[in-house]
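**Q** Got a file for you: query25.txt, compact mmCIF, C-alpha atoms.
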```
# COMPACT_ATOMS: atom_id res chain seq x y z
CA GLY W 74 -269.87 -211.85 -84.91
CA GLN W 75 -270.84 -209.52 -82.13
CA GLN W 76 -274.54 -209.44 -81.34
CA LEU W 77 -276.64 -207.20 -79.19
CA ASN W 78 -279.04 -209.01 -76.86
CA GLN W 79 -282.51 -207.58 -76.56
CA SER W 80 -285.06 -208.41 -73.91
CA PRO W 81 -287.74 -209.34 -73.71
CA GLN W 82 -287.95 -211.29 -76.97
CA SER W 83 -291.67 -210.59 -77.13
CA MET W 84 -294.29 -208.67 -75.21
CA PHE W 85 -298.06 -208.90 -75.14
CA ILE W 86 -299.63 -205.88 -73.50
CA GLN W 87 -302.93 -204.10 -73.25
CA GLU W 88 -303.56 -200.77 -74.92
CA GLY W 89 -302.68 -197.92 -72.57
CA GLU W 90 -299.92 -199.78 -70.74
CA ASP W 91 -296.34 -198.55 -70.61
CA VAL W 92 -293.63 -200.67 -72.22
CA SER W 93 -289.95 -201.03 -71.40
CA MET W 94 -287.33 -202.96 -73.35
CA ASN W 95 -283.56 -203.03 -73.29
CA CYS W 96 -280.51 -203.92 -75.28
CA THR W 97 -277.27 -205.16 -73.73
CA SER W 98 -273.80 -206.14 -74.81
CA SER W 99 -270.57 -207.31 -73.24
CA SER W 100 -268.71 -204.63 -75.21
CA ILE W 101 -268.65 -200.88 -74.95
CA PHE W 102 -270.38 -198.93 -77.71
CA ASN W 103 -270.35 -195.28 -78.74
CA THR W 104 -273.72 -195.14 -80.45
CA TRP W 105 -277.16 -196.58 -79.78
CA LEU W 106 -279.95 -196.43 -82.33
CA TRP W 107 -283.51 -197.69 -82.01
CA TYR W 108 -285.52 -198.82 -85.03
CA LYS W 109 -289.11 -200.01 -85.41
CA GLN W 110 -290.28 -202.48 -88.03
CA ASP W 111 -293.98 -202.45 -88.83
CA PRO W 112 -295.43 -205.76 -90.07
CA GLY W 113 -294.47 -206.27 -93.72
CA GLU W 114 -292.23 -203.21 -93.85
CA GLY W 115 -288.57 -202.28 -93.49
CA PRO W 116 -287.22 -200.80 -90.22
CA VAL W 117 -287.54 -197.08 -89.56
CA LEU W 118 -285.24 -195.08 -87.28
CA LEU W 119 -286.95 -193.88 -84.08
CA ILE W 120 -284.23 -192.44 -81.87
CA ALA W 121 -280.45 -191.98 -82.03
CA LEU W 122 -278.21 -191.68 -78.94
CA TYR W 123 -274.58 -190.58 -79.11
CA LYS W 124 -273.51 -189.82 -75.53
CA ALA W 125 -273.35 -191.98 -72.39
CA GLY W 126 -276.19 -191.09 -70.06
CA GLU W 127 -278.10 -189.30 -72.81
CA LEU W 128 -281.89 -189.41 -72.48
CA THR W 129 -283.88 -188.59 -75.63
CA SER W 130 -287.61 -188.49 -76.30
CA ASN W 131 -289.63 -188.75 -79.49
CA GLY W 132 -293.32 -188.33 -78.67
CA ARG W 133 -294.35 -191.21 -76.41
CA LEU W 134 -290.95 -192.86 -76.85
CA THR W 135 -287.99 -192.30 -74.54
CA ALA W 136 -284.59 -193.91 -74.92
CA GLN W 137 -281.47 -193.79 -72.80
CA PHE W 138 -277.82 -194.49 -73.49
CA GLY W 139 -276.56 -196.47 -70.49
CA ILE W 140 -273.82 -194.98 -68.33
CA THR W 141 -271.69 -198.11 -68.71
CA ARG W 142 -271.94 -197.75 -72.52
CA LYS W 143 -272.94 -201.42 -72.65
CA ASP W 144 -276.69 -200.98 -72.72
CA SER W 145 -279.64 -198.90 -73.80
CA PHE W 146 -283.31 -198.74 -72.86
CA LEU W 147 -286.44 -197.85 -74.81
CA ASN W 148 -289.69 -196.95 -73.08
CA ILE W 149 -293.07 -196.46 -74.72
CA SER W 150 -295.75 -194.73 -72.69
CA ALA W 151 -299.51 -195.26 -73.06
CA SER W 152 -299.23 -197.85 -75.83
CA ILE W 153 -301.63 -197.80 -78.77
CA PRO W 154 -302.41 -200.44 -81.41
CA SER W 155 -300.08 -198.87 -83.99
CA ASP W 156 -297.13 -199.51 -81.66
CA VAL W 157 -297.30 -203.16 -82.79
CA GLY W 158 -294.12 -204.30 -84.51
CA ILE W 159 -290.54 -205.38 -83.89
CA TYR W 160 -288.17 -202.99 -82.15
CA PHE W 161 -284.46 -203.27 -82.90
CA CYS W 162 -281.51 -201.64 -81.24
CA ALA W 163 -278.38 -201.04 -83.29
CA SER W 164 -274.94 -199.85 -82.35
CA SER W 165 -271.38 -199.26 -83.41
CA LYS W 166 -268.15 -199.09 -81.44
CA VAL W 167 -266.56 -196.33 -83.43
CA ILE W 168 -267.57 -194.21 -86.37
CA THR W 169 -267.60 -197.01 -88.89
CA ASP W 170 -269.49 -197.97 -91.97
CA LYS W 171 -271.17 -200.85 -90.13
CA LEU W 172 -273.98 -201.16 -87.64
CA ILE W 173 -274.65 -204.21 -85.46
CA PHE W 174 -278.32 -204.94 -84.89
CA GLY W 175 -279.97 -206.53 -81.90
CA THR W 176 -282.13 -209.62 -81.98
CA GLY W 177 -285.36 -207.62 -81.72
CA THR W 178 -288.31 -207.30 -79.33
CA ARG W 179 -291.71 -208.16 -80.81
CA LEU W 180 -294.53 -206.06 -79.35
CA GLN W 181 -298.21 -206.96 -79.53
CA VAL W 182 -300.83 -204.54 -78.24
CA PHE W 183 -304.35 -205.74 -77.46
CA PRO W 184 -307.32 -203.36 -77.26
CA GLU R 157 -291.29 -189.62 -103.33
CA ALA R 158 -287.95 -190.41 -101.69
CA GLN R 159 -287.66 -194.16 -101.39
CA VAL R 160 -285.68 -197.37 -101.62
CA THR R 161 -287.21 -199.94 -103.95
CA GLN R 162 -286.48 -203.65 -104.15
CA ASN R 163 -287.52 -206.22 -106.72
CA PRO R 164 -288.88 -208.77 -106.57
CA ARG R 165 -290.77 -208.61 -103.29
CA TYR R 166 -291.25 -212.37 -103.18
CA LEU R 167 -289.22 -215.08 -104.87
CA ILE R 168 -289.30 -218.86 -104.72
CA THR R 169 -286.44 -220.60 -106.48
CA VAL R 170 -284.50 -223.85 -106.49
CA THR R 171 -281.03 -224.67 -105.26
CA GLY R 172 -278.29 -223.59 -107.66
CA LYS R 173 -280.33 -221.30 -109.90
CA LYS R 174 -278.63 -217.91 -110.06
CA LEU R 175 -280.75 -214.95 -109.07
CA THR R 176 -280.45 -211.19 -108.64
CA VAL R 177 -282.40 -208.97 -106.28
CA THR R 178 -282.37 -205.37 -107.41
CA CYS R 179 -282.20 -202.32 -105.15
CA SER R 180 -282.55 -198.71 -106.21
CA GLN R 181 -282.70 -195.42 -104.31
CA ASN R 182 -283.67 -191.95 -105.60
CA MET R 183 -282.14 -189.88 -102.78
CA ASN R 184 -278.61 -189.55 -104.20
CA HIS R 185 -277.29 -191.46 -101.19
CA GLU R 186 -273.67 -192.55 -101.18
CA TYR R 187 -274.03 -195.43 -98.71
CA MET R 188 -276.03 -198.57 -99.54
CA SER R 189 -276.26 -201.87 -97.72
CA TRP R 190 -277.86 -205.30 -97.78
CA TYR R 191 -279.15 -207.09 -94.69
CA ARG R 192 -280.83 -210.40 -94.07
CA GLN R 193 -283.38 -210.89 -91.32
CA ASP R 194 -283.87 -214.27 -89.69
CA PRO R 195 -286.04 -215.15 -86.66
CA GLY R 196 -284.15 -214.75 -83.41
CA LEU R 197 -281.08 -213.31 -85.14
CA GLY R 198 -282.23 -209.81 -85.96
CA LEU R 199 -280.69 -208.04 -88.95
CA ARG R 200 -277.27 -209.08 -90.16
CA GLN R 201 -275.29 -207.11 -92.71
CA ILE R 202 -274.27 -208.93 -95.89
CA TYR R 203 -272.42 -206.27 -97.91
CA TYR R 204 -272.24 -202.51 -98.00
CA SER R 205 -271.00 -199.83 -100.34
CA MET R 206 -269.68 -196.39 -99.44
CA ASN R 207 -269.80 -195.15 -103.03
CA VAL R 208 -269.68 -196.18 -106.69
CA GLU R 209 -267.24 -199.05 -107.27
CA VAL R 210 -266.55 -199.29 -103.49
CA THR R 211 -267.97 -202.35 -101.76
CA ASP R 212 -267.05 -204.23 -98.60
CA LYS R 213 -268.10 -207.35 -96.72
CA GLY R 214 -270.49 -207.23 -93.81
CA ASP R 215 -270.88 -209.96 -91.22
CA VAL R 216 -272.40 -212.68 -93.42
CA PRO R 217 -271.07 -212.25 -97.00
CA GLU R 218 -270.59 -215.93 -97.90
CA GLY R 219 -272.66 -216.99 -100.91
CA TYR R 220 -273.45 -213.42 -102.01
CA LYS R 221 -272.05 -210.91 -104.46
CA VAL R 222 -272.81 -207.24 -105.02
CA SER R 223 -271.87 -204.53 -107.46
CA ARG R 224 -272.14 -200.73 -107.40
CA LYS R 225 -271.71 -199.48 -110.96
CA GLU R 226 -274.12 -196.59 -110.50
CA LYS R 227 -274.87 -194.54 -107.41
CA ARG R 228 -278.57 -195.37 -107.34
CA ASN R 229 -278.37 -199.17 -107.80
CA PHE R 230 -276.94 -201.90 -105.58
CA PRO R 231 -278.00 -205.38 -106.77
CA LEU R 232 -277.55 -208.48 -104.63
CA ILE R 233 -276.48 -211.57 -106.55
CA LEU R 234 -276.77 -215.17 -105.43
CA GLU R 235 -274.69 -217.20 -107.88
CA SER R 236 -275.76 -220.60 -106.54
CA PRO R 237 -278.51 -220.21 -103.94
CA SER R 238 -278.85 -222.79 -101.17
CA PRO R 239 -281.70 -223.44 -98.72
CA ASN R 240 -279.82 -221.71 -95.88
CA GLN R 241 -280.18 -218.48 -97.84
CA THR R 242 -283.94 -218.60 -97.40
CA SER R 243 -284.56 -215.34 -95.59
CA LEU R 244 -286.03 -211.85 -95.65
CA TYR R 245 -283.66 -209.42 -97.34
CA PHE R 246 -283.53 -205.66 -96.91
CA CYS R 247 -281.68 -203.04 -98.87
CA ALA R 248 -280.95 -199.74 -97.15
CA SER R 249 -279.35 -196.42 -98.06
CA SER R 250 -278.11 -193.33 -96.25
CA LEU R 251 -276.38 -190.09 -97.12
CA GLY R 252 -273.18 -191.29 -95.46
CA GLY R 253 -272.19 -194.02 -93.01
CA PRO R 254 -275.15 -195.30 -90.96
CA THR R 255 -273.75 -194.33 -87.54
CA TYR R 256 -274.55 -190.64 -87.97
CA ASN R 257 -276.85 -190.69 -91.00
CA GLU R 258 -280.37 -192.08 -90.98
CA GLN R 259 -280.67 -195.29 -92.93
CA PHE R 260 -283.75 -195.74 -95.11
CA PHE R 261 -284.84 -199.31 -95.70
CA GLY R 262 -286.62 -200.86 -98.67
CA PRO R 263 -289.80 -202.94 -98.24
CA GLY R 264 -287.95 -206.25 -98.19
CA THR R 265 -287.62 -209.30 -100.45
CA ARG R 266 -288.76 -212.64 -99.10
CA LEU R 267 -286.65 -215.37 -100.69
CA THR R 268 -287.34 -219.09 -100.45
CA VAL R 269 -284.76 -221.54 -101.81
CA LEU R 270 -286.06 -225.09 -102.23
```
Would you put the structure from the file into structure tokens?
**A**
Amino acid sequence: GQQLNQSPQSMFIQEGEDVSMNCTSSSIFNTWLWYKQDPGEGPVLLIALYKAGELTSNGRLTAQFGITRKDSFLNISASIPSDVGIYFCASSKVITDKLIFGTGTRLQVFP
Amino acid sequence: EAQVTQNPRYLITVTGKKLTVTCSQNMNHEYMSWYRQDPGLGLRQIYYSMNVEVTDKGDVPEGYKVSRKEKRNFPLILESPSPNQTSLYFCASSLGGPTYNEQFFGPGTRLTVL
């Protein structure tokens, strides 16, 4: 089935650094969602994007819905230890009952 | 507390021994779903349910069954587990479809099939 490709697969950064990750597909999508999974927990929704070009912030997190509708970006500013986890993008082509999830970006933050 | 609960959290079993993983939500959500998480593959949907007695296949339904007899419960059944079903399983629920309604995930069930 269709998959969303996330990059990088993993990141090792120092506390205080900014982080950028993206999610791409060969298909056009109408929705982009970003989830975070803390170690040992289920994913939690961070940001939802519903319009091409849309830029949305949630605290230190900023996400954008790509103009081509084939990608999305998530930026984290001034990283802190609790940012550690796996970040997933998710999307759907139309208003359906199904979401497709990306392969995930694993983030490690060192003090 | 609003939550999605799964049981058991950890399970080790042998090939062919039927098992059920339970999922329950206390938020009166209509939509419930099961995912499996494997390294490098992200989350893949197994089955979902839009309401009581309404279920549909996700992307990887082979080897799994579900039922939705009550709104709050959505058990995942493995009639004859095989080693390739070793994975981390998540149940999730939302008020409506997950595109426009926030999905809440359970804590996960780590299944090992020997």
**Q** Using only C-alpha atoms, determine which residues of chain W fall within 12 Å of chain R; present them as a ChimeraX atom specification.
**A** /W:74-83,102-123,159-179
**Q** Do you have the atom CA of R:Ile168-atom CA of R:Leu267 distance handy?
**A**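 Distance between the two atoms: 6.0 Å.
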**Q** Skip R:Leu175 itself and residues of its chain fewer than 4 positions away, then list as a list in words all residues within 8 Å of it, counting only C-alpha atoms.
**A**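 Counting only C-alpha atoms, the residues come to Ile233, Leu234, Glu235, Ser236 and Pro237 of chain R.
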**Q** Would you mind reading off the distance between atom CA of R:Lys174 and atom CA of R:Thr211, one decimal, in Å?
**A**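 These atoms are spaced 20.6 Å apart.
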**Q** Quick one: distance from atom CA of R:Thr176 to atom CA of R:Leu251 in Å, one decimal?
**A** 24.4 Å
**Q** Got a minute to add N, CA, C and O atoms to stretch 87-111 of chain W and dump it as a compact mmCIF listing (two decimals), keeping the file's coordinate frame?
**A**
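Below is the file part_28.txt, written as the result:
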```txt
# COMPACT_ATOMS: atom_id res chain seq x y z
N GLN W 87 -301.63 -204.69 -72.96
CA GLN W 87 -302.93 -204.10 -73.25
C GLN W 87 -302.76 -202.64 -73.62
O GLN W 87 -301.85 -201.96 -73.10
N GLU W 88 -303.59 -202.18 -74.51
CA GLU W 88 -303.56 -200.77 -74.92
C GLU W 88 -303.60 -199.87 -73.68
O GLU W 88 -304.36 -200.11 -72.75
N GLY W 89 -302.74 -198.85 -73.69
CA GLY W 89 -302.68 -197.92 -72.57
C GLY W 89 -301.55 -198.21 -71.59
O GLY W 89 -301.16 -197.34 -70.81
N GLU W 90 -301.02 -199.43 -71.63
CA GLU W 90 -299.92 -199.78 -70.74
C GLU W 90 -298.60 -199.16 -71.22
O GLU W 90 -298.43 -198.86 -72.40
N ASP W 91 -297.69 -198.99 -70.26
CA ASP W 91 -296.34 -198.55 -70.61
C ASP W 91 -295.48 -199.77 -70.92
O ASP W 91 -295.70 -200.86 -70.39
N VAL W 92 -294.49 -199.57 -71.78
CA VAL W 92 -293.63 -200.67 -72.22
C VAL W 92 -292.17 -200.29 -71.97
O VAL W 92 -291.79 -199.13 -72.17
N SER W 93 -291.38 -201.28 -71.57
CA SER W 93 -289.95 -201.03 -71.40
C SER W 93 -289.18 -202.21 -71.97
O SER W 93 -289.50 -203.37 -71.72
N MET W 94 -288.17 -201.92 -72.78
CA MET W 94 -287.33 -202.96 -73.35
C MET W 94 -285.89 -202.50 -73.31
O MET W 94 -285.62 -201.29 -73.21
N ASN W 95 -284.96 -203.46 -73.34
CA ASN W 95 -283.56 -203.03 -73.29
C ASN W 95 -282.68 -203.84 -74.22
O ASN W 95 -283.08 -204.87 -74.77
N CYS W 96 -281.49 -203.35 -74.37
CA CYS W 96 -280.51 -203.92 -75.28
C CYS W 96 -279.18 -203.93 -74.54
O CYS W 96 -278.77 -202.89 -74.00
N THR W 97 -278.51 -205.07 -74.48
CA THR W 97 -277.27 -205.16 -73.73
C THR W 97 -276.18 -205.83 -74.54
O THR W 97 -276.44 -206.60 -75.46
N SER W 98 -274.96 -205.54 -74.16
CA SER W 98 -273.80 -206.14 -74.81
C SER W 98 -272.68 -206.28 -73.81
O SER W 98 -272.65 -205.59 -72.80
N SER W 99 -271.74 -207.17 -74.09
CA SER W 99 -270.57 -207.31 -73.24
C SER W 99 -269.50 -206.30 -73.62
O SER W 99 -268.49 -206.15 -72.92
N SER W 100 -269.69 -205.61 -74.73
CA SER W 100 -268.71 -204.63 -75.21
C SER W 100 -269.22 -203.21 -75.02
O SER W 100 -270.42 -202.99 -74.89
N ILE W 101 -268.31 -202.29 -75.05
CA ILE W 101 -268.65 -200.88 -74.95
C ILE W 101 -268.95 -200.32 -76.34
O ILE W 101 -268.23 -200.59 -77.29
N PHE W 102 -270.01 -199.54 -76.45
CA PHE W 102 -270.38 -198.93 -77.71
C PHE W 102 -270.47 -197.42 -77.60
O PHE W 102 -270.68 -196.88 -76.51
N ASN W 103 -270.32 -196.74 -78.72
CA ASN W 103 -270.35 -195.28 -78.74
C ASN W 103 -271.63 -194.71 -79.31
O ASN W 103 -271.81 -193.49 -79.31
N THR W 104 -272.47 -195.57 -79.82
CA THR W 104 -273.72 -195.14 -80.45
C THR W 104 -274.80 -196.16 -80.13
O THR W 104 -274.54 -197.36 -80.11
N TRP W 105 -276.02 -195.68 -79.90
CA TRP W 105 -277.16 -196.58 -79.78
C TRP W 105 -278.30 -196.00 -80.62
O TRP W 105 -278.64 -194.83 -80.48
N LEU W 106 -278.82 -196.83 -81.50
CA LEU W 106 -279.95 -196.43 -82.33
C LEU W 106 -281.11 -197.38 -82.06
O LEU W 106 -280.90 -198.56 -81.80
N TRP W 107 -282.32 -196.85 -82.14
CA TRP W 107 -283.51 -197.69 -82.01
C TRP W 107 -284.35 -197.58 -83.27
O TRP W 107 -284.66 -196.47 -83.73
N TYR W 108 -284.70 -198.75 -83.82
CA TYR W 108 -285.52 -198.82 -85.03
C TYR W 108 -286.81 -199.56 -84.72
O TYR W 108 -286.86 -200.42 -83.83
N LYS W 109 -287.86 -199.26 -85.49
CA LYS W 109 -289.11 -200.01 -85.41
C LYS W 109 -289.44 -200.57 -86.78
O LYS W 109 -289.32 -199.86 -87.80
N GLN W 110 -289.86 -201.84 -86.79
CA GLN W 110 -290.28 -202.48 -88.03
C GLN W 110 -291.76 -202.81 -87.94
O GLN W 110 -292.17 -203.67 -87.14
N ASP W 111 -292.56 -202.12 -88.75
CA ASP W 111 -293.98 -202.45 -88.83
C ASP W 111 -294.14 -203.76 -89.60
O ASP W 111 -293.30 -204.09 -90.45
```
